[in-house]
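**Q** Input file: work-v6.cif. Contents: mmCIF, C-alpha atoms and all ligand atoms.
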```
data_input
loop_
_atom_site.label_atom_id
_atom_site.label_comp_id
_atom_site.auth_asym_id
_atom_site.auth_seq_id
_atom_site.Cartn_x
_atom_site.Cartn_y
_atom_site.Cartn_z
CA MET A 23 46.31 14.18 -9.14
CA LYS A 24 46.67 15.96 -5.85
CA ARG A 25 43.28 16.53 -4.23
CA ASN A 26 42.46 19.71 -2.32
CA TYR A 27 40.89 18.17 0.81
CA PRO A 28 40.22 21.42 2.76
CA LEU A 29 38.36 22.79 -0.27
CA ILE A 30 36.28 19.59 -0.68
CA ALA A 31 35.47 19.63 3.04
CA ALA A 32 34.39 23.28 2.83
CA ALA A 33 32.22 22.55 -0.18
CA LEU A 34 30.57 19.58 1.56
CA THR A 35 29.91 21.68 4.66
CA LEU A 36 28.24 24.29 2.49
CA VAL A 37 26.11 21.66 0.72
CA PHE A 38 24.99 20.23 4.08
CA ALA A 39 24.26 23.66 5.48
CA ILE A 40 22.00 24.40 2.50
CA ALA A 41 20.34 21.00 2.77
CA SER A 42 19.62 21.67 6.46
CA CYS A 43 17.69 24.83 5.73
CA GLY A 44 13.92 24.83 5.82
CA ASN A 45 11.65 22.57 7.85
CA LYS A 46 11.89 19.47 5.66
CA SER A 47 13.39 16.46 7.36
CA ARG A 48 16.54 14.86 6.06
CA GLN A 49 15.62 11.27 6.68
CA ALA A 50 17.94 9.83 4.08
CA ALA A 51 20.96 11.66 5.42
CA ALA A 52 20.14 10.88 9.04
CA GLY A 53 19.54 7.23 8.25
CA ASP A 54 22.80 6.85 6.37
CA ALA A 55 24.77 8.50 9.11
CA ALA A 56 23.14 6.36 11.78
CA ALA A 57 23.85 3.21 9.79
CA GLY A 58 27.49 4.28 9.52
CA GLY A 59 27.13 4.41 5.74
CA THR A 60 29.18 6.34 3.24
CA LEU A 61 28.01 9.70 1.94
CA PRO A 62 24.49 10.82 2.93
CA ALA A 63 21.98 10.87 0.11
CA SER A 64 21.22 14.46 -0.81
CA VAL A 65 17.54 14.01 -1.68
CA VAL A 66 15.10 15.77 0.63
CA VAL A 67 12.23 13.54 1.68
CA PRO A 68 9.19 15.28 3.19
CA ALA A 69 8.38 14.10 6.70
CA PHE A 70 5.62 11.47 6.81
CA ASN A 71 3.11 12.32 9.54
CA ALA A 72 1.86 9.11 11.16
CA ASP A 73 -0.87 10.92 13.11
CA SER A 74 -2.24 12.25 9.85
CA ALA A 75 -2.17 8.75 8.31
CA TYR A 76 -3.90 7.41 11.43
CA ARG A 77 -6.63 10.02 11.05
CA TYR A 78 -7.24 8.86 7.45
CA VAL A 79 -7.51 5.28 8.69
CA LYS A 80 -10.04 6.33 11.32
CA GLU A 81 -12.08 8.37 8.86
CA GLN A 82 -12.49 5.30 6.66
CA VAL A 83 -13.35 3.00 9.55
CA ASP A 84 -15.93 5.52 10.79
CA PHE A 85 -18.01 4.79 7.66
CA GLY A 86 -18.42 1.22 8.93
CA PRO A 87 -17.60 -1.89 6.86
CA ARG A 88 -16.85 -0.80 3.26
CA VAL A 89 -18.47 -3.75 1.55
CA PRO A 90 -19.39 -3.29 -2.14
CA ASN A 91 -23.08 -2.53 -2.79
CA THR A 92 -23.55 -0.86 0.62
CA ALA A 93 -24.14 2.81 1.47
CA ALA A 94 -20.99 2.92 3.62
CA HIS A 95 -18.92 1.66 0.69
CA ARG A 96 -20.33 4.33 -1.61
CA ALA A 97 -19.82 7.08 0.97
CA CYS A 98 -16.24 6.04 1.66
CA GLY A 99 -15.50 5.91 -2.08
CA ASP A 100 -16.78 9.48 -2.39
CA TYR A 101 -14.59 10.47 0.57
CA LEU A 102 -11.48 8.97 -1.10
CA ILE A 103 -12.22 10.77 -4.38
CA GLY A 104 -12.60 14.03 -2.45
CA LYS A 105 -9.32 13.56 -0.58
CA LEU A 106 -7.31 12.82 -3.74
CA LYS A 107 -8.81 15.90 -5.39
CA GLN A 108 -8.08 17.98 -2.28
CA PHE A 109 -4.45 16.79 -2.51
CA GLY A 110 -4.14 17.97 -6.09
CA ALA A 111 -4.17 14.65 -7.94
CA GLN A 112 -5.80 14.17 -11.33
CA VAL A 113 -8.53 11.74 -10.32
CA HIS A 114 -9.90 8.87 -12.40
CA VAL A 115 -12.84 6.84 -11.19
CA GLN A 116 -13.08 3.51 -12.90
CA GLU A 117 -16.52 1.98 -12.48
CA ALA A 118 -17.15 -1.70 -13.14
CA ASP A 119 -19.74 -4.37 -12.49
CA LEU A 120 -17.67 -7.26 -11.16
CA VAL A 121 -18.96 -10.80 -10.68
CA ALA A 122 -18.31 -12.29 -7.24
CA TYR A 123 -17.75 -16.00 -6.42
CA ASP A 124 -21.50 -16.38 -5.74
CA ASN A 125 -22.47 -14.43 -8.88
CA THR A 126 -23.37 -11.28 -6.95
CA ILE A 127 -22.78 -8.25 -9.17
CA LEU A 128 -20.53 -5.85 -7.30
CA LYS A 129 -20.84 -2.17 -8.17
CA ALA A 130 -17.14 -1.47 -7.90
CA ARG A 131 -14.97 1.61 -8.25
CA ASN A 132 -11.20 1.70 -8.63
CA ILE A 133 -10.09 5.17 -7.59
CA ILE A 134 -6.90 6.57 -9.11
CA GLY A 135 -5.00 9.75 -8.27
CA ALA A 136 -2.33 10.66 -10.84
CA TYR A 137 0.53 13.07 -10.23
CA ARG A 138 2.44 14.40 -13.25
CA PRO A 139 0.32 12.28 -15.59
CA ASP A 140 2.46 13.26 -18.59
CA SER A 141 5.73 11.93 -17.21
CA ARG A 142 6.83 8.58 -18.63
CA ARG A 143 8.87 7.87 -15.51
CA ARG A 144 6.27 6.60 -13.05
CA VAL A 145 5.77 4.60 -9.90
CA LEU A 146 2.50 2.92 -8.92
CA LEU A 147 1.41 2.93 -5.26
CA CYS A 148 -1.65 0.85 -4.44
CA ALA A 149 -3.87 -0.60 -1.73
CA HIS A 150 -7.38 -2.05 -1.59
CA TRP A 151 -10.07 0.14 -0.09
CA ASP A 152 -12.96 -2.30 0.35
CA SER A 153 -13.39 -4.37 3.49
CA ARG A 154 -14.35 -8.02 3.81
CA PRO A 155 -18.06 -8.91 3.84
CA TYR A 156 -17.39 -11.82 6.22
CA ALA A 157 -15.47 -12.38 9.44
CA ASP A 158 -14.93 -15.95 8.30
CA ALA A 159 -11.89 -16.47 10.50
CA GLU A 160 -14.14 -16.12 13.58
CA ARG A 161 -15.01 -19.26 15.61
CA GLY A 162 -18.73 -18.54 15.85
CA LYS A 163 -20.89 -19.39 12.81
CA LYS A 164 -23.12 -16.34 13.25
CA GLN A 165 -20.26 -13.82 13.59
CA GLN A 166 -18.65 -15.30 10.48
CA LYS A 167 -21.37 -13.93 8.24
CA GLN A 168 -21.05 -10.34 9.39
CA PRO A 169 -18.79 -7.82 7.63
CA ILE A 170 -15.61 -6.52 9.25
CA LEU A 171 -14.36 -2.99 9.85
CA GLY A 172 -11.01 -3.79 8.26
CA ALA A 173 -9.00 -1.08 10.02
CA ASN A 174 -5.84 -2.98 9.18
CA ASP A 175 -7.13 -5.07 6.26
CA GLY A 176 -7.99 -2.26 3.90
CA ALA A 177 -7.97 1.09 5.67
CA SER A 178 -4.32 1.06 6.79
CA GLY A 179 -2.79 0.94 3.30
CA VAL A 180 -5.16 3.62 2.03
CA GLY A 181 -4.41 5.80 5.07
CA VAL A 182 -0.67 5.66 4.39
CA LEU A 183 -1.22 6.48 0.70
CA LEU A 184 -3.51 9.44 1.46
CA GLU A 185 -0.78 10.88 3.67
CA ILE A 186 1.72 10.35 0.84
CA ALA A 187 -0.67 12.14 -1.55
CA ARG A 188 -0.83 15.09 0.86
CA LEU A 189 2.99 15.25 0.89
CA ILE A 190 3.35 14.94 -2.89
CA GLN A 191 1.14 18.00 -3.28
CA GLN A 192 3.42 19.94 -0.92
CA GLN A 193 6.65 18.84 -2.55
CA ALA A 194 6.63 16.64 -5.63
CA PRO A 195 9.18 13.88 -6.20
CA ALA A 196 11.22 13.75 -9.43
CA ILE A 197 8.95 11.14 -11.01
CA GLY A 198 5.24 10.74 -11.70
CA VAL A 199 3.20 8.82 -9.16
CA ASP A 200 -0.12 7.01 -9.49
CA ILE A 201 -2.01 6.18 -6.33
CA VAL A 202 -4.52 3.44 -7.04
CA PHE A 203 -7.19 2.32 -4.58
CA PHE A 204 -8.43 -1.07 -5.76
CA ASP A 205 -11.97 -2.12 -4.99
CA ALA A 206 -13.36 -5.62 -4.34
CA GLU A 207 -10.12 -7.20 -3.22
CA ASP A 208 -11.62 -8.92 -0.21
CA TYR A 209 -14.77 -10.55 -1.64
CA GLY A 210 -13.05 -13.93 -2.16
CA ILE A 211 -14.62 -17.34 -1.42
CA PRO A 212 -15.34 -17.56 2.33
CA SER A 213 -14.32 -20.52 4.46
CA PHE A 214 -17.97 -21.50 5.05
CA TYR A 215 -18.87 -21.63 1.32
CA ARG A 216 -19.95 -25.05 0.04
CA GLY A 217 -20.73 -24.22 -3.61
CA PRO A 218 -18.65 -24.99 -6.71
CA TYR A 219 -15.03 -23.86 -6.76
CA LYS A 220 -14.17 -20.78 -8.71
CA ALA A 221 -10.69 -19.42 -9.42
CA ASP A 222 -9.52 -15.84 -8.96
CA THR A 223 -12.31 -14.69 -6.66
CA TRP A 224 -10.03 -12.29 -4.74
CA CYS A 225 -8.65 -9.04 -6.12
CA LEU A 226 -11.50 -8.39 -8.55
CA GLY A 227 -10.83 -4.66 -8.79
CA SER A 228 -7.14 -5.06 -9.56
CA GLN A 229 -7.88 -7.81 -12.09
CA TYR A 230 -10.17 -5.38 -13.89
CA TRP A 231 -7.70 -2.47 -13.72
CA ALA A 232 -4.78 -4.64 -14.88
CA ARG A 233 -6.80 -5.67 -17.96
CA VAL A 234 -8.21 -2.21 -18.62
CA PRO A 235 -5.96 0.42 -17.03
CA HIS A 236 -7.33 3.92 -16.40
CA VAL A 237 -5.21 5.21 -19.30
CA GLN A 238 -4.52 3.19 -22.42
CA GLY A 239 -1.02 1.73 -22.57
CA TYR A 240 -0.40 2.58 -18.93
CA ASN A 241 3.02 1.64 -17.63
CA ALA A 242 5.13 2.19 -14.53
CA ARG A 243 8.66 1.23 -13.52
CA PHE A 244 7.29 -0.77 -10.62
CA GLY A 245 4.50 -0.82 -8.10
CA ILE A 246 4.27 -1.04 -4.33
CA LEU A 247 1.16 -2.61 -2.79
CA LEU A 248 0.36 -1.89 0.85
CA ASP A 249 -1.79 -4.49 2.59
CA MET A 250 -2.25 -4.65 6.35
CA VAL A 251 0.43 -2.11 7.15
CA GLY A 252 -0.89 -0.69 10.42
CA GLY A 253 -0.96 -3.57 12.92
CA ARG A 254 0.82 -3.17 16.25
CA GLY A 255 4.13 -5.06 16.11
CA ALA A 256 3.64 -6.02 12.44
CA THR A 257 6.48 -7.66 10.54
CA PHE A 258 6.93 -7.35 6.78
CA TYR A 259 8.84 -10.36 5.56
CA ARG A 260 9.82 -10.44 1.88
CA GLU A 261 6.69 -11.80 0.25
CA ARG A 262 7.66 -14.62 -2.11
CA PHE A 263 5.79 -13.66 -5.27
CA SER A 264 7.31 -10.17 -5.04
CA GLN A 265 10.73 -11.65 -4.36
CA ARG A 266 10.42 -13.85 -7.46
CA THR A 267 9.02 -11.23 -9.87
CA ALA A 268 10.48 -7.96 -8.55
CA PRO A 269 13.69 -8.88 -6.71
CA ALA A 270 15.50 -5.58 -7.38
CA GLU A 271 12.55 -3.58 -6.03
CA VAL A 272 12.24 -5.79 -2.95
CA LYS A 273 15.93 -5.21 -2.28
CA LYS A 274 15.54 -1.46 -2.74
CA ILE A 275 12.57 -1.24 -0.36
CA TRP A 276 14.00 -3.46 2.38
CA GLU A 277 17.35 -1.65 2.22
CA ALA A 278 15.57 1.69 2.50
CA ALA A 279 13.69 0.44 5.58
CA HIS A 280 16.92 -0.70 7.22
CA ARG A 281 18.69 2.55 6.35
CA LEU A 282 15.90 4.45 8.12
CA GLY A 283 16.15 2.27 11.23
CA PHE A 284 13.02 0.17 10.62
CA GLY A 285 14.84 -3.16 10.39
CA SER A 286 12.68 -4.70 13.12
CA PHE A 287 9.56 -4.14 10.97
CA PHE A 288 11.26 -5.38 7.78
CA PRO A 289 13.20 -8.60 8.51
CA GLN A 290 15.57 -9.62 5.73
CA GLU A 291 13.80 -12.96 5.49
CA ASP A 292 11.35 -14.55 3.09
CA GLY A 293 7.70 -14.98 4.12
CA THR A 294 5.08 -16.96 2.25
CA GLU A 295 3.61 -16.33 -1.21
CA VAL A 296 0.33 -14.40 -1.01
CA THR A 297 -2.38 -14.08 -3.65
CA ASP A 298 -2.93 -10.36 -3.58
CA ASP A 299 -3.46 -7.44 -5.97
CA HIS A 300 0.24 -7.36 -6.93
CA VAL A 301 -0.06 -10.81 -8.55
CA TYR A 302 -2.57 -9.50 -11.09
CA VAL A 303 -0.69 -6.24 -11.58
CA TYR A 304 2.30 -8.36 -12.58
CA ASN A 305 0.57 -11.19 -14.47
CA LEU A 306 -1.96 -9.07 -16.38
CA ALA A 307 -0.41 -5.58 -16.60
CA HIS A 308 3.20 -6.86 -16.56
CA ILE A 309 4.30 -4.30 -13.98
CA PRO A 310 6.57 -5.71 -11.27
CA CYS A 311 4.87 -4.96 -7.96
CA VAL A 312 6.01 -5.54 -4.39
CA ASP A 313 3.51 -6.47 -1.70
CA ILE A 314 4.35 -4.99 1.69
CA ILE A 315 2.07 -7.20 3.77
CA ASN A 316 2.08 -8.21 7.40
CA TYR A 317 3.30 -11.77 7.85
CA ASP A 318 3.11 -13.20 11.35
CA PRO A 319 4.84 -16.58 11.52
CA GLN A 320 3.30 -17.17 14.99
CA SER A 321 -0.35 -16.95 13.93
CA ASP A 322 -2.33 -19.78 12.30
CA THR A 323 -3.34 -17.71 9.28
CA GLY A 324 0.04 -15.96 8.92
CA PHE A 325 -1.71 -12.60 8.93
CA GLY A 326 -2.18 -12.14 12.69
CA ASP A 327 -4.91 -13.43 14.99
CA PHE A 328 -7.30 -10.57 14.20
CA TRP A 329 -7.22 -11.14 10.42
CA HIS A 330 -10.74 -11.54 8.98
CA THR A 331 -12.26 -11.30 12.46
CA HIS A 332 -14.21 -8.55 14.22
CA ASP A 333 -11.05 -7.69 16.15
CA ASP A 334 -9.69 -5.91 13.07
CA ASP A 335 -10.74 -2.48 14.32
CA LEU A 336 -8.90 0.72 15.26
CA ASN A 337 -7.52 -0.91 18.41
CA VAL A 338 -5.06 -2.99 16.38
CA ILE A 339 -3.65 0.06 14.59
CA ASP A 340 -0.36 1.53 15.80
CA PRO A 341 0.86 4.81 14.28
CA ALA A 342 4.43 3.51 14.73
CA THR A 343 3.75 0.83 12.10
CA LEU A 344 2.09 3.31 9.71
CA ASN A 345 5.16 5.49 10.23
CA ALA A 346 7.68 2.75 9.41
CA VAL A 347 5.86 1.86 6.20
CA GLY A 348 5.09 5.44 5.19
CA ARG A 349 8.65 6.65 5.66
CA THR A 350 10.05 3.66 3.82
CA VAL A 351 7.77 4.16 0.81
CA MET A 352 8.52 7.92 0.79
CA GLU A 353 12.25 7.19 0.88
CA VAL A 354 11.97 4.89 -2.14
CA VAL A 355 9.71 7.19 -4.17
CA TYR A 356 11.75 10.35 -3.58
CA ASN A 357 14.97 8.57 -4.50
CA GLU A 358 13.65 7.65 -7.96
CA LYS A 359 15.14 9.89 -10.62
C1 LIG A 401 -5.84 -14.86 0.34
O1 LIG A 401 -6.23 -15.06 1.45
C2 LIG A 401 -6.10 -15.82 -0.77
N1 LIG A 401 -5.15 -13.80 0.02
C3 LIG A 401 -4.90 -12.76 0.96
C4 LIG A 401 -5.21 -11.47 0.31
C5 LIG A 401 -5.85 -10.59 1.27
C6 LIG A 401 -7.05 -10.79 1.86
N2 LIG A 401 -5.37 -9.48 1.70
C7 LIG A 401 -6.22 -8.97 2.53
N3 LIG A 401 -7.25 -9.73 2.65
ZN ZN A 402 -8.75 -9.49 3.76
#
```
Translate the structure of the given file into structure tokens.

**A**
Amino acid sequence: MKRNYPLIAAALTLVFAIASCGNKSRQAAAGDAAAGGTLPASVVVPAFNADSAYRYVKEQVDFGPRVPNTAAHRACGDYLIGKLKQFGAQVHVQEADLVAYDNTILKARNIIGAYRPDSRRRVLLCAHWDSRPYADAERGKKQQKQPILGANDGASGVGVLLEIARLIQQQAPAIGVDIVFFDAEDYGIPSFYRGPYKADTWCLGSQYWARVPHVQGYNARFGILLDMVGGRGATFYRERFSQRTAPAEVKKIWEAAHRLGFGSFFPQEDGTEVTDDHVYVYNLAHIPCVDIINYDPQSDTGFGDFWHTHDDDLNVIDPATLNAVGRTVMEVVYNEK
């Protein structure tokens, strides 16, 4: 069959002209063109605002350490509920008394914002919102027992997801989205503890949610967990549990990052395996879930020198990192059909 090239070219020009209208960015198209790819994707992805995400990180940190059973924790939880409502989500607050490694009863709340709750095509976006009660990676014994601000470890993932919630309200993607803020992730056995060993002391909120989801029979195509996604110069290697249990989703996310020009943040290399909320989402709720988590091969802990220390404050947060992660997640979500 003889193809009418001038007509096809004219039609494509028209399509692009229409797609260029309005003030929405065309990240997908720009990224494809820059990467020398084939045809630009036609989906319009709202522009992630890193300054807005940064503000949401700061607003959490301003409450102080968000350790379960404290006033700051309660106040920040109320703030998160208010923001999700403000951004038009259907909000579920899942309250639970969770038992910590030392038998402390934690008054915990998983906070869920659902968009298009009736759609069966869904994606789960999650992060933990509590901060660690101990700076147990500090050298000094006294500092070790004090709680941390967790600007990166906690607030960064939530900040990115609040910005995504704001954008979903403005222009919804084709699928349903659940934003889940897990509580009591970071109350695991501290390095200075000398009592009896106990398993599964991290990720208490996600363990609870994965056993008893906010709606019966809950399911999603896949999940994306954001953990420590705001550190200056952060690198997100392919976390090994995610790679093993959700390889197609890892591929999709890392390819999206590279398409958008964020290859330096997302090396195409495997990191370590991390026990994080995504492990329980997969093992207990059977939803494949990818952990986007900072892995620093240079540091002793693998999570950067400020991890679980008092240095994890706003000074370690770089909007450029929030931007790389936020745009990548937006790209993936808005390309789901
Ligand atoms: C452990 O250290 C066992 N897991 C890392 C999960 C974590 C802690 N993410 C943030 N803080
Ligand atoms: Zn932590």

**Q** Let me know the centre plus edge lengths, in Å and rounded to one decimal, of a box with edges along x, y and z that contains all listed atoms of range 95-99 of chain A and is padded by 3 Å on every side, as AutoDock Vina command-line options.

**A**
```
--center_x -17.9 --center_y 4.4 --center_z -0.2 --size_x 10.8 --size_y 11.4 --size_z 9.7
```

**Q** May I have a table of the residues of chain A lying at most 8 Å from ligand LIG 401 (chain A), giving each one's closest pair of atoms and their distance in Å to one decimal, counting all atoms listed in the file, ordered by chain and ascending residue number, as CSV?

**A**
```
residue,atom,partner,partner_atom,distance
A:Arg154,CA,A:LIG401,N3,7.4
A:Asp175,CA,A:LIG401,C7,5.5
A:Gly176,CA,A:LIG401,C7,7.1
A:Glu207,CA,A:LIG401,C6,6.9
A:Asp208,CA,A:LIG401,N3,5.3
A:Gly210,CA,A:LIG401,C2,7.3
A:Trp224,CA,A:LIG401,C2,6.6
A:Cys225,CA,A:LIG401,C4,7.7
A:Asp249,CA,A:LIG401,N2,6.2
A:Met250,CA,A:LIG401,C7,7.0
A:Val296,CA,A:LIG401,N1,5.6
A:Thr297,CA,A:LIG401,N1,4.6
A:Asp298,CA,A:LIG401,C4,4.6
A:Asp299,CA,A:LIG401,C4,7.7
A:Trp329,CA,A:LIG401,N3,7.9
A:His330,CA,A:LIG401,N3,7.5
```

**Q** Those residues you just picked out, can you put them in a file as a compact mmCIF listing (two decimals), keeping the file's coordinate frame with C-alpha atoms?

**A**
```txt
# COMPACT_ATOMS: atom_id res chain seq x y z
CA ARG A 154 -14.35 -8.02 3.81
CA ASP A 175 -7.13 -5.07 6.26
CA GLY A 176 -7.99 -2.26 3.90
CA GLU A 207 -10.12 -7.20 -3.22
CA ASP A 208 -11.62 -8.92 -0.21
CA GLY A 210 -13.05 -13.93 -2.16
CA TRP A 224 -10.03 -12.29 -4.74
CA CYS A 225 -8.65 -9.04 -6.12
CA ASP A 249 -1.79 -4.49 2.59
CA MET A 250 -2.25 -4.65 6.35
CA VAL A 296 0.33 -14.40 -1.01
CA THR A 297 -2.38 -14.08 -3.65
CA ASP A 298 -2.93 -10.36 -3.58
CA ASP A 299 -3.46 -7.44 -5.97
CA TRP A 329 -7.22 -11.14 10.42
CA HIS A 330 -10.74 -11.54 8.98
```

**Q** Counting only C-alpha atoms, what is within 9 Å of Asp73 in chain A, bar same-chain residues fewer than 2 positions away, as a list in words?

**A**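 The neighbour list is Asn71, Ala75, Tyr76, Arg77, Tyr78, Pro341, Leu344 and Asn345 of chain A.
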
**Q** Counting all atoms listed in the file, which of A:Phe325, A:Phe109, A:Tyr156, A:Tyr230 gets nearest to Gly253 in chain A?

**A** A:Phe325

**Q** Is there a way to get, as a PyMOL selection string, all residues within 10 Å of the point (-6.3, 2.0, 7.4) in file coordinates, counting only C-alpha atoms?

**A** chain A and resi 75-83+149-151+171-184+249-253+335-336+339+344

**Q** Give the answer as one residue: which of A:Leu189, A:Cys148, A:Ile201, A:Leu226 has the shortest atom-to-atom distance to Ala118 in chain A, using all atoms listed in the file?

**A** A:Leu226

**Q** From the set A:Tyr304, A:Tyr209, A:Phe70, A:Tyr101, which residue has the shortest atom-to-atom contact distance to ligand ZN 402 (chain A), counting all atoms listed in the file?

**A**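 Of A:Tyr304, A:Tyr209, A:Phe70, A:Tyr101, the one nearest ligand ZN 402 (chain A) is A:Tyr209, counting all atoms listed in the file.
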
**Q** For CA of Val234 in chain A and CA of Cys311 in chain A, quote the distance in Å rounded to one decimal.

**A** 17.1 Å

**Q** Please indicate the distance in Å from CA of Val347 in chain A to CA of Ala279 in chain A, rounded to one decimal place.

**A** 8.0 Å

**Q** Is there a way to get, as a PyMOL selection string, all residues within 7 Å of the point (3.7, -6.0, -3.0) in file coordinates, counting only C-alpha atoms?

**A** chain A and resi 246-248+264+300+311-314

**Q** Counting all atoms listed in the file, which residue out of A:Gln229, A:Thr323, A:Asn241, A:Ser74 sits closest to Ser141 in chain A?

**A**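 Nearest candidate to Ser141 in chain A out of A:Gln229, A:Thr323, A:Asn241, A:Ser74: A:Asn241.
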
**Q** Report as a list in words all protein, DNA and RNA residues lying within 9 Å of Val303 in chain A, evaluated on only C-alpha atoms, omitting residues in the same chain fewer than 3 positions from it.

**A**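 Listed by chain and then number, they are Ser228, Gln229, Trp231, Ala232, Arg233, Gly245, Asp299, His300, Leu306, Ala307, His308, Ile309, Pro310 and Cys311 of chain A.
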
**Q** Here is a test: counting only C-alpha atoms, which residue of A:Pro155, A:Gly198, A:Gly285, A:Gly326 is nearest to Ala111 in chain A?

**A**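 Closest to Ala111 in chain A of all the choices is A:Gly198.
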